[in-house]
Amino acid sequence: MVMPDVVISGGGPAGAFAAIRLARGGARVILLDRDNFPRHKLCGDTLNPGGVALLRSAGLAGPIEAQGLPLDGMVVTGVTGVCIRGTYGHGLVGRAWTRRHLDTQLLEAAARAGVDVRTPVRVLAPLRGDHGRVEGVRVRLASGRDERMPARWTIAADGRRSPLALALGLIAHPVRPRRWAIGTYAEGVDRLGAFGEMHVRAGHYIGVAPTVEGLANLCLVTSSRERMPDPGARLWDVVRRDPLLRDRCMHARQVAGVVTLGPLAVDARAVGMPGLLLAGDAAGFVDPMTGDGIHIALRGGLLAAEVLLEALACDDAAVVARLSHARRVAFGAKLRFNRVLRTLVGWPMGVRLGAVGASLAPAVLRHVIATAGDAVLDRRVASAA
């Protein structure tokens with residue numbers, strides 16, 4: 001059997017998008033995921049205009065643009081009663097599209113591109129060569145048998161708790177801030193519209209997003225672990241006490257299970273090492289209050305793939321350095337902004353100051369919303385098409 005050029009751990013947006021780009025570029029790719037698809041993932045279930053543009057550039061936006069619910073921007077509210085409605089601008093729209101649909105669509109596209117997709121396969125650990133270079137992965141098959149899977153390069157796109165990145169000491173969960181997410185779907189939430197919602201409060205924020213099915217995607221992100229043994233009760237208690245949401249949710253009924261994640265933040269000390277690159281949440285995660293998480297995952301996977309296509313025959317240090325530079329250019333300002341935002345939310349006075357600033361200068365927040373939608377990227381992709 002011919003050794004693959006790349007084995008990718010993780011079949012989410014970052015891993016699948018990287019696999020598609022690599023396969024279309026002529027690389028031999030194996031894509032592994034521990035789950036069978038379709039599957040449910042805790043997510044805001046929205047793509048901002050920049051994320052839609054990336055899929056469009058790859059010829060993969062058809063189902064989303066035909067069936068996804070158009071989103072014009074975001075509504076942000078604060079503790080002082082400030083409410084800012086900002087659009088992405090220039091006629092741009094995002095789309096509400098569940099991760100269940102998106103992940104399945106991308107995995108099927110990867111298979112059509114020639115990727116060897118294997119599920120359910122659990123990646124256990126990296127394979128290391130004599131000089132420490134990563135030379136593939138060790139996996140556990142559905143039968144329970146462990147197997148070695150050598151490859152020239154490995155991409156770890158297997159999430160915030162990536163067994164590969166953790167084993168290699170490339171990522172860690174910071175001591176502060178620590179935040180946990182609780183999410184579910186509900187029917188009967190009033191006044192859902194063509195906007196994602198972010199309700200910022202002292203110590204937590206609540207995300208509300210409409211879905212194609214007419215449901216509401218509800219997510220609480222909190223810095224407190226109080227009542228975590230019953231996260232669903234915690235979510236609904238916060239929602240029904242919130243002055244802006246309690247009336248809208250008076251007749252709401254939960255229609256799906258509750259999913260929890262945490263701690264959310266992940267810091268990466270490097271974006272790879274000889275033989276391995278990181279993508280998606282495994283490359284570092286800042287809870288994306290601005291609704292751009294899927295875009296960051298897609299673009300991060302694309303950057304890793306393009307670096308490998310350019311440099312499969314080059315020295316390892318240059319490959320990792322090029323990816324590090326590409327990610328700084330693509331995400332540096334955005335991730336710095338998100339880190340500042342998550343710090344402010346964890347600081348009660350910061351939330352109040354932010355709310356006062358928003359009420360005094362709403363145009364600034366509207367600009368932030370447009371920037372968070374990656375509208376510039378959407379226009380660049382459109383002009384290059």
# chains A, B, ... in the order shown; residues from 1 in each chain; ligands from 1
>>> residues_around(residues="Leu220 in chain A", least_positions_apart="4", cutoff="9 Å", atoms="only C-alpha atoms", output="VMD selection string")
chain A and resid 180 to 183 204 to 207 234 to 235 238 to 239
>>> closest_atom_pairs(of="range 21-43 of chain A", to="range 243-259 of chain A", cutoff="12 Å", atoms="only C-alpha atoms", output="JSON lines")
{"residue": "A:His40", "atom": "CA", "partner": "A:Val259", "partner_atom": "CA", "distance": 9.3}
{"residue": "A:Lys41", "atom": "CA", "partner": "A:Val259", "partner_atom": "CA", "distance": 8.1}
{"residue": "A:Leu42", "atom": "CA", "partner": "A:Val259", "partner_atom": "CA", "distance": 6.3}
{"residue": "A:Cys43", "atom": "CA", "partner": "A:Val259", "partner_atom": "CA", "distance": 9.7}
>>> closest_residue(among="A:Leu71, A:Ala304, A:Val189, A:Leu54", to="Leu277 in chain A", atoms="only C-alpha atoms")
A:Ala304
>>> residues_around(residues="Glu310 in chain A", least_positions_apart="6", cutoff="12 Å", atoms="only C-alpha atoms", output="JSON, numbers by chain")
{"A": [21, 22, 25, 26, 27, 303, 304, 318, 319, 322, 323]}
>>> closest_residue(among="A:Gly89, A:Gly12, A:Gly301, A:Pro120", to="Gly144 in chain A", atoms="only C-alpha atoms")
A:Pro120
>>> closest_atom_pairs(of="range 68-172 of chain A", to="range 260-273 of chain A", cutoff="6 Å", atoms="only C-alpha atoms", output="JSON lines")
{"residue": "A:Leu170", "atom": "CA", "partner": "A:Arg269", "partner_atom": "CA", "distance": 5.5}
{"residue": "A:Ile171", "atom": "CA", "partner": "A:Ala268", "partner_atom": "CA", "distance": 4.3}
{"residue": "A:Ala172", "atom": "CA", "partner": "A:Asp267", "partner_atom": "CA", "distance": 5.5}
>>> closest_residue(among="A:Asn48, A:Arg145, A:Ala283, A:Gln105", to="His173 in chain A", atoms="only C-alpha atoms")
A:Ala283
>>> select_by_dssp(residues="range 150-254 of chain A", states="helix (DSSP H, G or I)", output="ChimeraX atom specification")
/A:163-167,231-241
>>> closest_residue(among="A:Pro231, A:Gly59, A:Gly132, A:Pro150", to="Val7 in chain A", atoms="only C-alpha atoms")
A:Pro150
>>> atom_distance(atom1="CA of Asp72 in chain A", atom2="CA of Ala209 in chain A")
11.9 Å
>>> closest_residue(among="A:Arg24, A:Arg179, A:His131, A:Arg118", to="Asn36 in chain A", atoms="only C-alpha atoms")
A:Arg118
>>> closest_residue(among="A:Ser57, A:Thr104, A:Arg85, A:Ala14", to="Arg39 in chain A", atoms="only C-alpha atoms")
A:Thr104
>>> select_by_dssp(residues="range 137-179 of chain A", states="strand (DSSP E)", output="list of chain:residue names")
A:Val137, A:Arg138, A:Val139, A:Arg140, A:Asp146, A:Glu147, A:Arg148, A:Met149, A:Pro150, A:Trp153, A:Thr154, A:Ile155, A:Ala156, A:Ile171, A:Ala172
>>> residues_around(residues="Arg28 in chain A", least_positions_apart="3", cutoff="9 Å", atoms="only C-alpha atoms", output="list in words")
Met3, Pro4, Asp5, Val6, Val7, Leu22, Ala23, Gly114, Val115 and Asp116 of chain A
>>> atom_distance(atom1="CA of Ile20 in chain A", atom2="CA of Gly169 in chain A")
27.8 Å
>>> residues_around(residues="Val139 in chain A", least_positions_apart="3", cutoff="10 Å", atoms="only C-alpha atoms", output="PDB file with C-alpha atoms, in the first residue's frame")
ATOM      1  CA  SER A   9      -7.370  13.666  12.275  1.00  0.00           C
ATOM      2  CA  LEU A  32     -10.229  10.108  10.036  1.00  0.00           C
ATOM      3  CA  ARG A  34     -14.080   9.082  15.660  1.00  0.00           C
ATOM      4  CA  VAL A 121     -11.801   5.646  13.735  1.00  0.00           C
ATOM      5  CA  ARG A 122     -10.331   7.047  16.964  1.00  0.00           C
ATOM      6  CA  VAL A 123      -6.910   8.650  16.704  1.00  0.00           C
ATOM      7  CA  LEU A 124      -4.972   7.718  19.816  1.00  0.00           C
ATOM      8  CA  ALA A 125      -1.490   9.189  19.508  1.00  0.00           C
ATOM      9  CA  PRO A 126       1.153  10.423  17.072  1.00  0.00           C
ATOM     10  CA  LEU A 127       3.783   8.123  15.621  1.00  0.00           C
ATOM     11  CA  GLY A 136       1.622   9.386  11.142  1.00  0.00           C
ATOM     12  CA  ALA A 142     -14.377   0.252  15.217  1.00  0.00           C
ATOM     13  CA  GLY A 144     -11.365  -2.428  18.754  1.00  0.00           C
ATOM     14  CA  ARG A 145      -8.088  -3.258  17.030  1.00  0.00           C
ATOM     15  CA  ASP A 146      -5.216  -0.770  17.227  1.00  0.00           C
ATOM     16  CA  GLU A 147      -3.308   0.028  14.060  1.00  0.00           C
ATOM     17  CA  ARG A 148      -0.389   2.170  12.910  1.00  0.00           C
ATOM     18  CA  MET A 149      -1.091   4.580  10.063  1.00  0.00           C
TER      19      MET A 149
END
>>> residues_around(residues="Arg95 in chain A", least_positions_apart="2", cutoff="8 Å", atoms="only C-alpha atoms", output="number ranges by chain")
A: 46-49, 52, 64-65, 68-71, 93, 97
>>> atom_distance(atom1="CA of Asn217 in chain A", atom2="CA of Leu102 in chain A")
15.6 Å
>>> decode(residues="range 137-168 of chain A", atoms="N, CA and C atoms", output="PDB file, in the first residue's frame")
ATOM      1  N   VAL A 137      -0.027   8.391  12.607  1.00  0.00           N
ATOM      2  CA  VAL A 137      -0.818   8.284  13.833  1.00  0.00           C
ATOM      3  C   VAL A 137      -1.068   6.821  14.187  1.00  0.00           C
ATOM      4  N   ARG A 138      -1.359   6.624  15.455  1.00  0.00           N
ATOM      5  CA  ARG A 138      -1.820   5.318  15.924  1.00  0.00           C
ATOM      6  C   ARG A 138      -3.315   5.447  16.168  1.00  0.00           C
ATOM      7  N   VAL A 139      -4.102   4.491  15.655  1.00  0.00           N
ATOM      8  CA  VAL A 139      -5.552   4.602  15.695  1.00  0.00           C
ATOM      9  C   VAL A 139      -6.176   3.346  16.291  1.00  0.00           C
ATOM     10  N   ARG A 140      -7.432   3.503  16.695  1.00  0.00           N
ATOM     11  CA  ARG A 140      -8.240   2.358  17.136  1.00  0.00           C
ATOM     12  C   ARG A 140      -9.449   2.255  16.220  1.00  0.00           C
ATOM     13  N   LEU A 141      -9.593   1.126  15.561  1.00  0.00           N
ATOM     14  CA  LEU A 141     -10.678   0.904  14.616  1.00  0.00           C
ATOM     15  C   LEU A 141     -11.971   0.570  15.347  1.00  0.00           C
ATOM     16  N   ALA A 142     -13.081   0.566  14.621  1.00  0.00           N
ATOM     17  CA  ALA A 142     -14.377   0.252  15.217  1.00  0.00           C
ATOM     18  C   ALA A 142     -14.393  -1.154  15.798  1.00  0.00           C
ATOM     19  N   SER A 143     -13.575  -2.040  15.258  1.00  0.00           N
ATOM     20  CA  SER A 143     -13.491  -3.409  15.763  1.00  0.00           C
ATOM     21  C   SER A 143     -12.775  -3.504  17.103  1.00  0.00           C
ATOM     22  N   GLY A 144     -12.136  -2.416  17.518  1.00  0.00           N
ATOM     23  CA  GLY A 144     -11.365  -2.428  18.754  1.00  0.00           C
ATOM     24  C   GLY A 144      -9.888  -2.689  18.546  1.00  0.00           C
ATOM     25  N   ARG A 145      -9.492  -2.961  17.316  1.00  0.00           N
ATOM     26  CA  ARG A 145      -8.088  -3.258  17.030  1.00  0.00           C
ATOM     27  C   ARG A 145      -7.303  -1.967  16.830  1.00  0.00           C
ATOM     28  N   ASP A 146      -6.102  -1.915  17.421  1.00  0.00           N
ATOM     29  CA  ASP A 146      -5.216  -0.770  17.227  1.00  0.00           C
ATOM     30  C   ASP A 146      -4.351  -0.982  15.997  1.00  0.00           C
ATOM     31  N   GLU A 147      -4.038   0.124  15.316  1.00  0.00           N
ATOM     32  CA  GLU A 147      -3.308   0.028  14.060  1.00  0.00           C
ATOM     33  C   GLU A 147      -2.413   1.255  13.887  1.00  0.00           C
ATOM     34  N   ARG A 148      -1.267   1.054  13.263  1.00  0.00           N
ATOM     35  CA  ARG A 148      -0.389   2.170  12.910  1.00  0.00           C
ATOM     36  C   ARG A 148      -0.751   2.672  11.516  1.00  0.00           C
ATOM     37  N   MET A 149      -0.749   3.996  11.348  1.00  0.00           N
ATOM     38  CA  MET A 149      -1.091   4.580  10.063  1.00  0.00           C
ATOM     39  C   MET A 149      -0.012   5.600   9.693  1.00  0.00           C
ATOM     40  N   PRO A 150       1.055   5.182   9.023  1.00  0.00           N
ATOM     41  CA  PRO A 150       2.130   6.111   8.651  1.00  0.00           C
ATOM     42  C   PRO A 150       1.671   7.086   7.563  1.00  0.00           C
ATOM     43  N   ALA A 151       2.274   8.271   7.565  1.00  0.00           N
ATOM     44  CA  ALA A 151       1.996   9.278   6.546  1.00  0.00           C
ATOM     45  C   ALA A 151       3.161  10.253   6.500  1.00  0.00           C
ATOM     46  N   ARG A 152       3.338  10.888   5.347  1.00  0.00           N
ATOM     47  CA  ARG A 152       4.405  11.890   5.221  1.00  0.00           C
ATOM     48  C   ARG A 152       4.126  13.088   6.108  1.00  0.00           C
ATOM     49  N   TRP A 153       2.869  13.513   6.165  1.00  0.00           N
ATOM     50  CA  TRP A 153       2.472  14.637   6.998  1.00  0.00           C
ATOM     51  C   TRP A 153       1.159  14.312   7.711  1.00  0.00           C
ATOM     52  N   THR A 154       0.970  14.920   8.848  1.00  0.00           N
ATOM     53  CA  THR A 154      -0.261  14.776   9.623  1.00  0.00           C
ATOM     54  C   THR A 154      -0.827  16.163   9.905  1.00  0.00           C
ATOM     55  N   ILE A 155      -2.150  16.302   9.782  1.00  0.00           N
ATOM     56  CA  ILE A 155      -2.838  17.517  10.222  1.00  0.00           C
ATOM     57  C   ILE A 155      -3.737  17.135  11.390  1.00  0.00           C
ATOM     58  N   ALA A 156      -3.534  17.794  12.522  1.00  0.00           N
ATOM     59  CA  ALA A 156      -4.403  17.605  13.687  1.00  0.00           C
ATOM     60  C   ALA A 156      -5.499  18.653  13.634  1.00  0.00           C
ATOM     61  N   ALA A 157      -6.696  18.235  13.267  1.00  0.00           N
ATOM     62  CA  ALA A 157      -7.868  19.114  13.220  1.00  0.00           C
ATOM     63  C   ALA A 157      -8.959  18.490  14.083  1.00  0.00           C
ATOM     64  N   ASP A 158      -8.525  17.961  15.225  1.00  0.00           N
ATOM     65  CA  ASP A 158      -9.398  17.140  16.061  1.00  0.00           C
ATOM     66  C   ASP A 158      -9.838  17.830  17.341  1.00  0.00           C
ATOM     67  N   GLY A 159      -9.970  19.163  17.276  1.00  0.00           N
ATOM     68  CA  GLY A 159     -10.687  19.864  18.319  1.00  0.00           C
ATOM     69  C   GLY A 159      -9.858  20.397  19.471  1.00  0.00           C
ATOM     70  N   ARG A 160     -10.590  21.009  20.419  1.00  0.00           N
ATOM     71  CA  ARG A 160      -9.967  21.675  21.558  1.00  0.00           C
ATOM     72  C   ARG A 160      -9.181  20.711  22.438  1.00  0.00           C
ATOM     73  N   ARG A 161      -9.544  19.455  22.432  1.00  0.00           N
ATOM     74  CA  ARG A 161      -8.833  18.465  23.241  1.00  0.00           C
ATOM     75  C   ARG A 161      -8.121  17.466  22.340  1.00  0.00           C
ATOM     76  N   SER A 162      -7.515  17.972  21.316  1.00  0.00           N
ATOM     77  CA  SER A 162      -6.811  17.142  20.347  1.00  0.00           C
ATOM     78  C   SER A 162      -5.826  16.204  21.028  1.00  0.00           C
ATOM     79  N   PRO A 163      -6.016  14.888  20.901  1.00  0.00           N
ATOM     80  CA  PRO A 163      -5.045  13.969  21.511  1.00  0.00           C
ATOM     81  C   PRO A 163      -3.653  14.105  20.907  1.00  0.00           C
ATOM     82  N   LEU A 164      -3.576  14.518  19.646  1.00  0.00           N
ATOM     83  CA  LEU A 164      -2.270  14.695  19.014  1.00  0.00           C
ATOM     84  C   LEU A 164      -1.561  15.932  19.571  1.00  0.00           C
ATOM     85  N   ALA A 165      -2.256  17.072  19.551  1.00  0.00           N
ATOM     86  CA  ALA A 165      -1.637  18.314  20.021  1.00  0.00           C
ATOM     87  C   ALA A 165      -1.309  18.254  21.509  1.00  0.00           C
ATOM     88  N   LEU A 166      -2.177  17.628  22.293  1.00  0.00           N
ATOM     89  CA  LEU A 166      -1.910  17.505  23.725  1.00  0.00           C
ATOM     90  C   LEU A 166      -0.714  16.597  23.982  1.00  0.00           C
ATOM     91  N   ALA A 167      -0.650  15.470  23.278  1.00  0.00           N
ATOM     92  CA  ALA A 167       0.457  14.534  23.482  1.00  0.00           C
ATOM     93  C   ALA A 167       1.796  15.156  23.126  1.00  0.00           C
ATOM     94  N   LEU A 168       1.784  16.071  22.167  1.00  0.00           N
ATOM     95  CA  LEU A 168       3.026  16.704  21.713  1.00  0.00           C
ATOM     96  C   LEU A 168       3.327  18.002  22.456  1.00  0.00           C
TER      97      LEU A 168
END
